[in-house]
Structures are given as C-alpha cells and as structure tokens.
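A.B. asks: structure32.txt is reproduced below (compact mmCIF, C-alpha atoms).
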# COMPACT_ATOMS: atom_id res chain seq x y z
CA MET A 1 14.86 5.24 -1.57
CA GLU A 2 14.48 4.07 2.02
CA THR A 3 11.34 2.05 2.69
CA LYS A 4 9.77 0.86 5.90
CA PRO A 5 9.45 -2.83 6.82
CA GLY A 6 6.62 -4.52 4.97
CA PHE A 7 6.96 -2.32 1.90
CA VAL A 8 10.04 -3.83 0.22
CA PRO A 9 9.09 -5.95 -2.81
CA GLU A 10 10.49 -9.45 -2.78
CA PRO A 11 12.13 -10.64 -6.00
CA THR A 12 9.99 -12.94 -8.14
CA LEU A 13 11.14 -15.97 -10.09
CA ASN A 14 10.05 -14.39 -13.34
CA ASP A 15 10.69 -10.68 -12.95
CA THR A 16 10.55 -9.83 -16.64
CA LYS A 17 7.56 -7.85 -17.86
CA ALA A 18 5.08 -9.32 -20.33
CA ASP A 19 4.91 -8.16 -23.92
CA ASN A 20 4.12 -4.59 -22.76
CA LYS A 21 1.25 -4.18 -25.20
CA THR A 22 -1.02 -1.23 -24.46
CA ILE A 23 -4.25 -2.40 -22.82
CA ALA A 24 -5.80 1.02 -22.23
CA LYS A 25 -4.93 4.63 -22.90
CA VAL A 26 -6.36 8.08 -22.51
CA VAL A 27 -5.31 10.58 -25.16
CA ASN A 28 -5.60 14.30 -24.33
CA ALA A 29 -8.55 13.29 -22.18
CA GLY A 30 -9.96 15.21 -19.25
CA LYS A 31 -13.07 15.72 -17.16
CA GLU A 32 -14.98 18.88 -16.30
CA TYR A 33 -18.10 19.37 -14.21
CA ARG A 34 -20.42 22.33 -14.54
CA VAL A 35 -21.51 23.78 -11.20
CA GLY A 36 -23.94 26.66 -11.52
CA ASP A 37 -22.34 29.18 -13.85
CA GLY A 38 -18.86 27.82 -13.30
CA VAL A 39 -16.80 24.85 -14.44
CA ILE A 40 -14.69 22.64 -12.19
CA THR A 41 -11.84 20.81 -13.90
CA ALA A 42 -11.32 17.44 -12.23
CA LEU A 43 -8.65 16.36 -14.73
CA LYS A 44 -6.84 18.44 -17.33
CA ALA A 45 -6.01 17.10 -20.80
CA SER A 46 -3.90 14.01 -20.11
CA THR A 47 -2.26 11.25 -22.12
CA VAL A 48 -1.39 8.09 -20.19
CA GLU A 49 -1.02 4.45 -21.26
CA LEU A 50 -1.63 1.31 -19.21
CA LYS A 51 0.46 -1.63 -20.39
CA ALA A 52 0.32 -5.38 -19.89
CA GLY A 53 2.89 -6.75 -17.46
CA GLU A 54 3.28 -3.43 -15.68
CA LEU A 55 2.25 -2.00 -12.33
CA LEU A 56 1.50 1.69 -12.85
CA LEU A 57 1.36 3.79 -9.70
CA ILE A 58 -0.76 6.95 -9.84
CA ILE A 59 0.29 9.17 -6.94
CA GLY A 60 -1.27 12.39 -5.75
CA PRO A 61 -2.97 14.08 -2.78
CA SER A 62 -6.70 13.85 -2.14
CA GLY A 63 -8.72 15.77 -4.73
CA SER A 64 -5.85 15.94 -7.21
CA GLY A 65 -7.64 14.09 -10.03
CA LYS A 66 -6.03 10.66 -9.71
CA THR A 67 -9.31 8.81 -9.13
CA THR A 68 -10.80 10.64 -12.11
CA LEU A 69 -7.96 9.29 -14.26
CA LEU A 70 -8.61 5.79 -12.93
CA SER A 71 -12.33 6.19 -13.66
CA LEU A 72 -11.55 7.08 -17.29
CA PHE A 73 -9.40 3.94 -17.62
CA GLY A 74 -12.26 1.95 -16.08
CA CYS A 75 -14.91 3.43 -18.36
CA VAL A 76 -16.88 4.51 -15.29
CA ILE A 77 -17.21 8.07 -16.57
CA TYR A 78 -17.13 9.66 -20.02
CA PRO A 79 -14.38 12.17 -20.77
CA SER A 80 -15.43 15.78 -21.33
CA PHE A 81 -12.83 15.91 -24.11
CA GLY A 82 -10.14 13.68 -25.56
CA GLU A 83 -10.24 9.93 -26.22
CA VAL A 84 -10.36 6.71 -24.21
CA TRP A 85 -9.08 3.52 -25.87
CA ILE A 86 -9.50 -0.03 -24.54
CA SER A 87 -7.75 -2.94 -26.30
CA GLY A 88 -7.26 -0.85 -29.42
CA THR A 89 -10.87 0.36 -29.61
CA LYS A 90 -12.04 3.91 -28.99
CA VAL A 91 -14.95 3.73 -26.53
CA ASN A 92 -16.02 7.38 -26.18
CA GLU A 93 -19.26 6.82 -28.05
CA TRP A 94 -20.19 3.50 -26.50
CA SER A 95 -23.49 3.28 -24.62
CA GLU A 96 -23.61 2.78 -20.85
CA ASN A 97 -24.78 -0.81 -21.38
CA GLU A 98 -21.88 -1.52 -23.72
CA LEU A 99 -19.43 -0.06 -21.23
CA ALA A 100 -20.96 -2.10 -18.39
CA LYS A 101 -20.40 -5.28 -20.40
CA LEU A 102 -16.84 -4.17 -21.17
CA ARG A 103 -16.13 -3.60 -17.47
CA LEU A 104 -17.52 -7.02 -16.56
CA GLN A 105 -15.41 -8.81 -19.16
CA LYS A 106 -12.13 -6.89 -19.24
CA ILE A 107 -11.65 -4.86 -16.04
CA GLY A 108 -11.18 -5.86 -12.41
CA PHE A 109 -11.77 -3.21 -9.73
CA ILE A 110 -10.28 -3.17 -6.23
CA PHE A 111 -11.43 -0.48 -3.80
CA GLN A 112 -10.18 0.97 -0.54
CA ARG A 113 -13.20 -0.24 1.42
CA PHE A 114 -13.28 -3.62 -0.29
CA ASN A 115 -16.99 -3.35 -1.33
CA LEU A 116 -17.72 -6.93 -0.30
CA ILE A 117 -21.38 -7.87 0.15
CA ALA A 118 -21.75 -8.42 3.90
CA PRO A 119 -24.44 -11.19 3.93
CA LEU A 120 -22.36 -13.32 1.52
CA THR A 121 -19.42 -15.60 2.25
CA ALA A 122 -16.00 -15.05 0.72
CA LEU A 123 -16.78 -17.72 -1.86
CA GLU A 124 -20.15 -16.20 -2.74
CA ASN A 125 -18.62 -12.73 -3.12
CA VAL A 126 -16.05 -14.03 -5.59
CA MET A 127 -18.67 -16.05 -7.48
CA MET A 128 -20.84 -12.97 -8.08
CA PRO A 129 -19.18 -11.59 -11.27
CA LEU A 130 -19.09 -15.08 -12.78
CA LEU A 131 -22.81 -15.55 -12.20
CA LEU A 132 -23.43 -12.12 -13.73
CA GLN A 133 -21.54 -13.32 -16.80
CA GLY A 134 -23.94 -16.26 -17.07
CA MET A 135 -21.65 -19.03 -15.79
CA ASN A 136 -23.41 -22.01 -14.18
CA GLU A 137 -23.20 -22.28 -10.41
CA GLN A 138 -20.94 -25.33 -10.17
CA GLU A 139 -18.37 -23.88 -12.55
CA ALA A 140 -18.54 -20.57 -10.70
CA ILE A 141 -17.84 -22.35 -7.40
CA GLU A 142 -14.80 -24.09 -8.88
CA ASN A 143 -13.36 -20.93 -10.44
CA ALA A 144 -14.03 -18.81 -7.36
CA THR A 145 -12.39 -21.40 -5.11
CA THR A 146 -9.30 -21.43 -7.34
CA ALA A 147 -9.09 -17.63 -7.22
CA LEU A 148 -9.33 -17.58 -3.42
CA VAL A 149 -6.65 -20.25 -3.10
CA LYS A 150 -4.34 -18.14 -5.28
CA VAL A 151 -4.51 -15.25 -2.82
CA GLY A 152 -4.06 -17.47 0.23
CA MET A 153 -7.72 -17.48 1.27
CA GLY A 154 -8.56 -21.11 0.49
CA ASP A 155 -9.26 -21.79 4.18
CA ARG A 156 -11.74 -18.91 4.46
CA LEU A 157 -14.27 -19.84 1.78
CA SER A 158 -17.22 -19.98 4.18
CA ASN A 159 -16.34 -16.91 6.23
CA LEU A 160 -18.58 -13.86 6.09
CA SER A 161 -16.77 -10.63 5.29
CA ASN A 162 -17.36 -9.27 8.81
CA ASP A 163 -15.47 -12.27 10.19
CA LEU A 164 -12.34 -11.40 8.19
CA SER A 165 -9.57 -8.93 8.98
CA GLY A 166 -9.04 -5.90 6.74
CA GLY A 167 -6.15 -7.59 4.97
CA GLN A 168 -8.18 -10.76 4.43
CA GLN A 169 -11.14 -8.78 3.07
CA GLN A 170 -8.86 -7.00 0.61
CA ARG A 171 -7.46 -10.34 -0.58
CA VAL A 172 -11.01 -11.58 -1.16
CA ALA A 173 -11.63 -8.39 -3.14
CA ILE A 174 -8.52 -9.16 -5.22
CA ALA A 175 -9.80 -12.68 -5.88
CA ARG A 176 -13.17 -11.27 -6.96
CA ALA A 177 -11.45 -8.86 -9.36
CA LEU A 178 -9.20 -11.62 -10.65
CA VAL A 179 -11.74 -14.40 -11.11
CA THR A 180 -13.01 -13.21 -14.51
CA ASN A 181 -9.41 -13.10 -15.82
CA PRO A 182 -9.58 -9.40 -16.79
CA GLU A 183 -6.89 -7.75 -18.87
CA MET A 184 -6.47 -4.92 -16.40
CA MET A 185 -6.81 -4.39 -12.66
CA LEU A 186 -7.70 -0.91 -11.40
CA CYS A 187 -7.09 -0.29 -7.72
CA ASP A 188 -8.29 2.82 -5.87
CA GLU A 189 -6.34 3.27 -2.61
CA PRO A 190 -6.25 -0.52 -2.03
CA THR A 191 -3.96 -0.28 1.02
CA ALA A 192 -5.34 2.83 2.74
CA SER A 193 -7.44 0.86 5.27
CA LEU A 194 -4.72 -1.72 6.00
CA ASP A 195 -1.94 -1.98 8.54
CA LEU A 196 1.65 -1.93 7.33
CA ALA A 197 2.11 -5.70 7.10
CA SER A 198 -1.21 -6.30 5.30
CA ALA A 199 -0.51 -3.46 2.87
CA GLY A 200 2.81 -5.03 1.96
CA ILE A 201 1.16 -8.40 1.30
CA VAL A 202 -1.53 -6.85 -0.92
CA MET A 203 1.04 -4.91 -2.96
CA GLN A 204 3.14 -8.06 -3.40
CA GLU A 205 0.08 -9.82 -4.81
CA LEU A 206 -0.69 -6.94 -7.19
CA LYS A 207 2.93 -6.91 -8.32
CA GLN A 208 2.73 -10.63 -9.01
CA LEU A 209 -0.43 -10.12 -11.10
CA ALA A 210 1.49 -7.62 -13.23
CA ARG A 211 4.28 -10.16 -13.66
CA GLN A 212 1.65 -12.63 -14.89
CA GLY A 213 0.73 -10.25 -17.71
CA LYS A 214 -2.04 -8.13 -16.22
CA ALA A 215 -2.06 -4.36 -16.61
CA VAL A 216 -2.29 -3.07 -13.03
CA ALA A 217 -2.93 0.55 -12.05
CA VAL A 218 -2.86 1.59 -8.39
CA VAL A 219 -4.08 5.00 -7.21
CA THR A 220 -2.56 6.08 -3.92
CA HIS A 221 -1.39 9.03 -1.86
CA ASP A 222 1.13 6.80 -0.05
CA ASN A 223 4.66 7.47 -1.28
CA ARG A 224 5.89 4.28 0.40
CA LEU A 225 4.32 2.27 -2.41
CA ARG A 226 6.78 3.68 -4.97
CA ALA A 227 9.02 0.65 -4.33
CA PHE A 228 6.47 -1.61 -6.03
CA ALA A 229 5.99 0.44 -9.20
CA ASP A 230 7.29 -0.29 -12.67
CA ARG A 231 6.22 3.21 -13.68
CA ILE A 232 4.83 6.22 -11.79
CA VAL A 233 2.71 9.17 -12.84
CA TYR A 234 2.02 12.02 -10.45
CA VAL A 235 -1.23 14.00 -10.34
CA LEU A 236 -1.52 17.48 -8.85
CA ASP A 237 -4.35 19.99 -9.33
CA GLY A 238 -5.78 17.95 -12.18
CA GLY A 239 -2.51 17.80 -14.11
CA ILE A 240 -0.29 14.81 -14.93
CA SER A 241 3.48 14.85 -14.49
CA ASP A 242 6.38 12.41 -14.37
CA LYS A 243 7.87 14.44 -11.52
CA PRO A 244 7.10 13.71 -7.86
CA VAL A 245 4.31 15.83 -6.44
CA GLU A 246 6.62 17.53 -3.93
CA GLU A 247 8.85 18.67 -6.81
CA GLU A 248 5.82 20.08 -8.63
CA ILE A 249 4.79 21.98 -5.49
CA ALA A 250 8.33 23.36 -5.10
CA LEU A 251 8.24 24.71 -8.65
CA LYS A 252 5.04 26.67 -8.07
Would it be possible to restate this file's structure as structure tokens?

C.D. replies:
Amino acid sequence: METKPGFVPEPTLNDTKADNKTIAKVVNAGKEYRVGDGVITALKASTVELKAGELLLIIGPSGSGKTTLLSLFGCVIYPSFGEVWISGTKVNEWSENELAKLRLQKIGFIFQRFNLIAPLTALENVMMPLLLQGMNEQEAIENATTALVKVGMGDRLSNLSNDLSGGQQQRVAIARALVTNPEMMLCDEPTASLDLASAGIVMQELKQLARQGKAVAVVTHDNRLRAFADRIVYVLDGGISDKPVEEEIALK
C-alpha cells in the first residue's frame, strides 16, 4: 500500500509483540437506543478482542458504530446485549462506580480534541488522574514529569494547553493517558485535528506503546493509518468485518 510522507512507521528495535494475552473483549455485544416507538441500532452483535502488544485499528465512516465499539471496550456504556470482558472478568453487571474505578486504574483514553483542562499546565493536566487515584502531590509531580519526558514534552511542563500546538497538546494527552500505566489505551480519532507530520508522530508513539506491551485501539476514518496497524477491523452500518469498508460497500 502506498502511503504519504509522515505516515510510514519506522522500524523499532524490539518489533516483536508482547505475550498477546487478551486484555478486553466484547462477545456478541451490541448497542441499541430506543427513540420514540423505534429502535436505532448503533452496533450490531459483535465479537472483537483487544490484545496486549497490539495496535488494533478500527476503521469506518462517521456514524458507522466504531466509537460505540470503543465505548464498550472502555466501559463507558453498557451493552444492550452480549458480554464485555476486561482482564478476564465479565463487567456487564458492574455498577457505574465500579466501572469508573476500573477506567481510572486500567484504561487510558485519548480523544480527538485532546480534552485538556485549559487553566492547567501540561504538568498539572498529566498529574490529574494520579491525584484522583489518591497519590500524594510530590509523587504525582515526579510521575507526570517522567510521562511527559517520554513523549518529548519535558521542556513544556509549565506551558498552558492554549500555548501548545495541536500535536503538542495530543502528546500531553498521551502522557496523561499513559501516566497511570493502564493495560489498554483507547484512542478516538486521535489524529483527526492534526497536520500530516504531527499525525505521523502521534501514531509512532502509539505504535511504540503497543510494542511495550499495551493493548492499543485506535478508531479512525483515515485509511492512511493502516500502515501502523497490527490488526484492522472495519465497521460499516453497525456491523463488524475484516474486509475494507470500500469492499463491503461494493458488495451491497
């Protein structure tokens, strides 16, 4: 596949996947919403696994159901049917408080619009989840600084988010997601607001996290990101396929 400059993954020193254990899975799971007398199916019954050491790309057009699938992995929503498993435990019946604690401890989220808190510095943004976990301030400062250094933002600790470029803000968001050492990283259109060069840098960093043993899932509509994937699932009209979306459309 031909890729444009900035989207070709560089080889890593250790390009072997981790132990490939399953970190999360949805089993025949889907989501429906009742609107008046009708039902809207956001995601049909789907079975997908998210494995350690792997970057899973979830590709599909807007409104296809890909963010719904990511939300099930992230325990942000309950499935209407089917099962959601995290680290070998079925979580369908867990309370919202239990799921919130699970998200804080095991899941890192990266969003298209970064979701940084504007009045806070880069360091303070990355410290936030650690403080929510109950870590003391000094330890949180040390861990947050280390996380920012890892993503090349060690010289921007005191910068407010509005003083950073889009690519820099996204790297701060990656550090914030990484700082709690979660088992999985869930990314919803993490490159959509970035220029070509910044998008390539962000995807390289996510690829490296997978190589370090994280389970990384990236939702996107950008086919150029296929070059970074270890595995791809395609979502169209609420259904999951291992065929590219354009092939699915051609078959209809």

A.B. asks: Give the answer as one residue: which of A:Asp222, A:Glu93, A:Glu205, A:Asp237 has the shortest atom-to-atom distance to A:Ala173, using only C-alpha atoms?

C.D. replies: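 Counting only C-alpha atoms, the residue closest to A:Ala173 is A:Glu205.
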
A.B. asks: Using all atoms listed in the file, find the one residue out of A:Gly154, A:Ser95, A:Leu43, A:Ala140 that sits nearest to A:Gly63.

C.D. replies: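 Among the listed residues, the smallest separation from A:Gly63 belongs to A:Leu43.
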
A.B. asks: From the set A:Tyr33, A:Leu55, A:Thr89, A:Gly108, which residue has the shortest atom-to-atom contact distance to A:Ala227, counting only C-alpha atoms?

C.D. replies: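 Among the listed residues, A:Leu55 lies closest to A:Ala227.
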
A.B. asks: Ranking A:Phe114, A:Trp85, A:Trp94, A:Tyr78 by minimum distance to A:Leu50 and counting only C-alpha atoms, which one comes first?

C.D. replies: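 Among the listed residues, the smallest separation from A:Leu50 belongs to A:Trp85.
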
A.B. asks: Padding of 5 Å on every side, edges along x, y and z, all listed atoms of stretch 41-57 of chain A included: what centre and edge lengths in Å, to one decimal, does that box have, as AutoDock Vina command-line options?

C.D. replies:
--center_x -4.3 --center_y 7.0 --center_z -15.9 --size_x 25.1 --size_y 37.6 --size_z 22.4

A.B. asks: Hey, which bits of stretch 97-152 of chain A sit within 10 Å of stretch 181-189 of chain A, and for each residue what's the closest pair of atoms and how far apart in Å (one decimal), counting all atoms listed in the file, rows by chain and increasing number, as JSON lines?

C.D. replies:
{"residue": "A:Leu102", "atom": "CA", "partner": "A:Pro182", "partner_atom": "CA", "distance": 10.0}
{"residue": "A:Arg103", "atom": "CA", "partner": "A:Pro182", "partner_atom": "CA", "distance": 8.8}
{"residue": "A:Leu104", "atom": "CA", "partner": "A:Pro182", "partner_atom": "CA", "distance": 8.3}
{"residue": "A:Gln105", "atom": "CA", "partner": "A:Pro182", "partner_atom": "CA", "distance": 6.3}
{"residue": "A:Lys106", "atom": "CA", "partner": "A:Pro182", "partner_atom": "CA", "distance": 4.3}
{"residue": "A:Ile107", "atom": "CA", "partner": "A:Pro182", "partner_atom": "CA", "distance": 5.0}
{"residue": "A:Gly108", "atom": "CA", "partner": "A:Met185", "partner_atom": "CA", "distance": 4.6}
{"residue": "A:Phe109", "atom": "CA", "partner": "A:Leu186", "partner_atom": "CA", "distance": 5.0}
{"residue": "A:Ile110", "atom": "CA", "partner": "A:Cys187", "partner_atom": "CA", "distance": 4.5}
{"residue": "A:Phe111", "atom": "CA", "partner": "A:Asp188", "partner_atom": "CA", "distance": 5.0}
{"residue": "A:Gln112", "atom": "CA", "partner": "A:Glu189", "partner_atom": "CA", "distance": 4.9}
{"residue": "A:Arg113", "atom": "CA", "partner": "A:Glu189", "partner_atom": "CA", "distance": 8.7}
{"residue": "A:Phe114", "atom": "CA", "partner": "A:Asp188", "partner_atom": "CA", "distance": 9.9}
{"residue": "A:Ala147", "atom": "CA", "partner": "A:Asn181", "partner_atom": "CA", "distance": 9.7}

A.B. asks: Give me the residues of stretch 19-120 of chain A that have any atom at most 7 Å from an atom of stretch 157-168 of chain A; for each, the nearest atom pair and the distance in Å, rounded to one decimal. Use all atoms listed in the file, sort by chain and number, and format it as JSON lines.

C.D. replies:
{"residue": "A:Leu116", "atom": "CA", "partner": "A:Ser161", "partner_atom": "CA", "distance": 6.8}
{"residue": "A:Ala118", "atom": "CA", "partner": "A:Ser161", "partner_atom": "CA", "distance": 5.6}
{"residue": "A:Pro119", "atom": "CA", "partner": "A:Leu160", "partner_atom": "CA", "distance": 6.8}
{"residue": "A:Leu120", "atom": "CA", "partner": "A:Leu160", "partner_atom": "CA", "distance": 6.0}

A.B. asks: Measuring atom to atom with only C-alpha atoms, identify which of A:Val27, A:Glu96, A:Val151, A:Val48 is nearest to A:Gln204.

C.D. replies: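 Smallest separation from A:Gln204 among the options: A:Val151.
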
A.B. asks: Grab the atom CA of A:Ala45 to atom CA of A:Leu69 distance for me, in Å with one decimal place.

C.D. replies: 10.4 Å

A.B. asks: What is the atom CA of A:Glu137-atom CA of A:Ile174 distance in Å, reported with one decimal?

C.D. replies: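 Atom CA of A:Glu137 sits 20.4 Å away from atom CA of A:Ile174.
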
A.B. asks: Can you list, as a list in words, every protein, DNA or RNA residue that comes within 9 Å of A:Asn28 when you count only C-alpha atoms, leaving out same-chain residues fewer than 4 positions away?

C.D. replies: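 These residues fall inside the cut-off: Lys44, Ala45, Ser46, Thr47, Val48, Phe81, Gly82, Glu83 and Val84 of chain A.
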
A.B. asks: Which value, in Å to one decimal, gives the distance between atom CA of A:Ile232 and atom CA of A:Lys51?

C.D. replies: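 Distance between the two atoms: 12.4 Å.
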
A.B. asks: Give me, as an mmCIF file with C-alpha atoms, in the coordinates of the input, all polymer residues having an atom no more than 6 Å from A:His221, counting only C-alpha atoms and skipping those fewer than 3 positions away in the same chain.

C.D. replies:
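Saved to selection11.cif:
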data_model
loop_
_atom_site.group_PDB
_atom_site.id
_atom_site.type_symbol
_atom_site.label_atom_id
_atom_site.label_comp_id
_atom_site.auth_asym_id
_atom_site.auth_seq_id
_atom_site.Cartn_x
_atom_site.Cartn_y
_atom_site.Cartn_z
ATOM 1 C CA ILE A 59 0.290 9.170 -6.940
ATOM 2 C CA GLY A 60 -1.270 12.390 -5.750
ATOM 3 C CA PRO A 61 -2.970 14.080 -2.780
#

A.B. asks: Identify which of the residues A:Asn143, A:Asn223, A:Gln208, A:Thr41 lies closest to A:Val126, counting all atoms listed in the file when measuring atom-to-atom distances.

C.D. replies: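 Looking only at the distances to A:Val126, the closest residue turns out to be A:Asn143.
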
A.B. asks: Could you name the residues that touch A:Leu57 at 9 Å or less, counting all atoms listed in the file, but leaving out those on the same chain fewer than 3 positions away, as a PyMOL selection string?

C.D. replies: chain A and resi 216-220+225-226+228-234
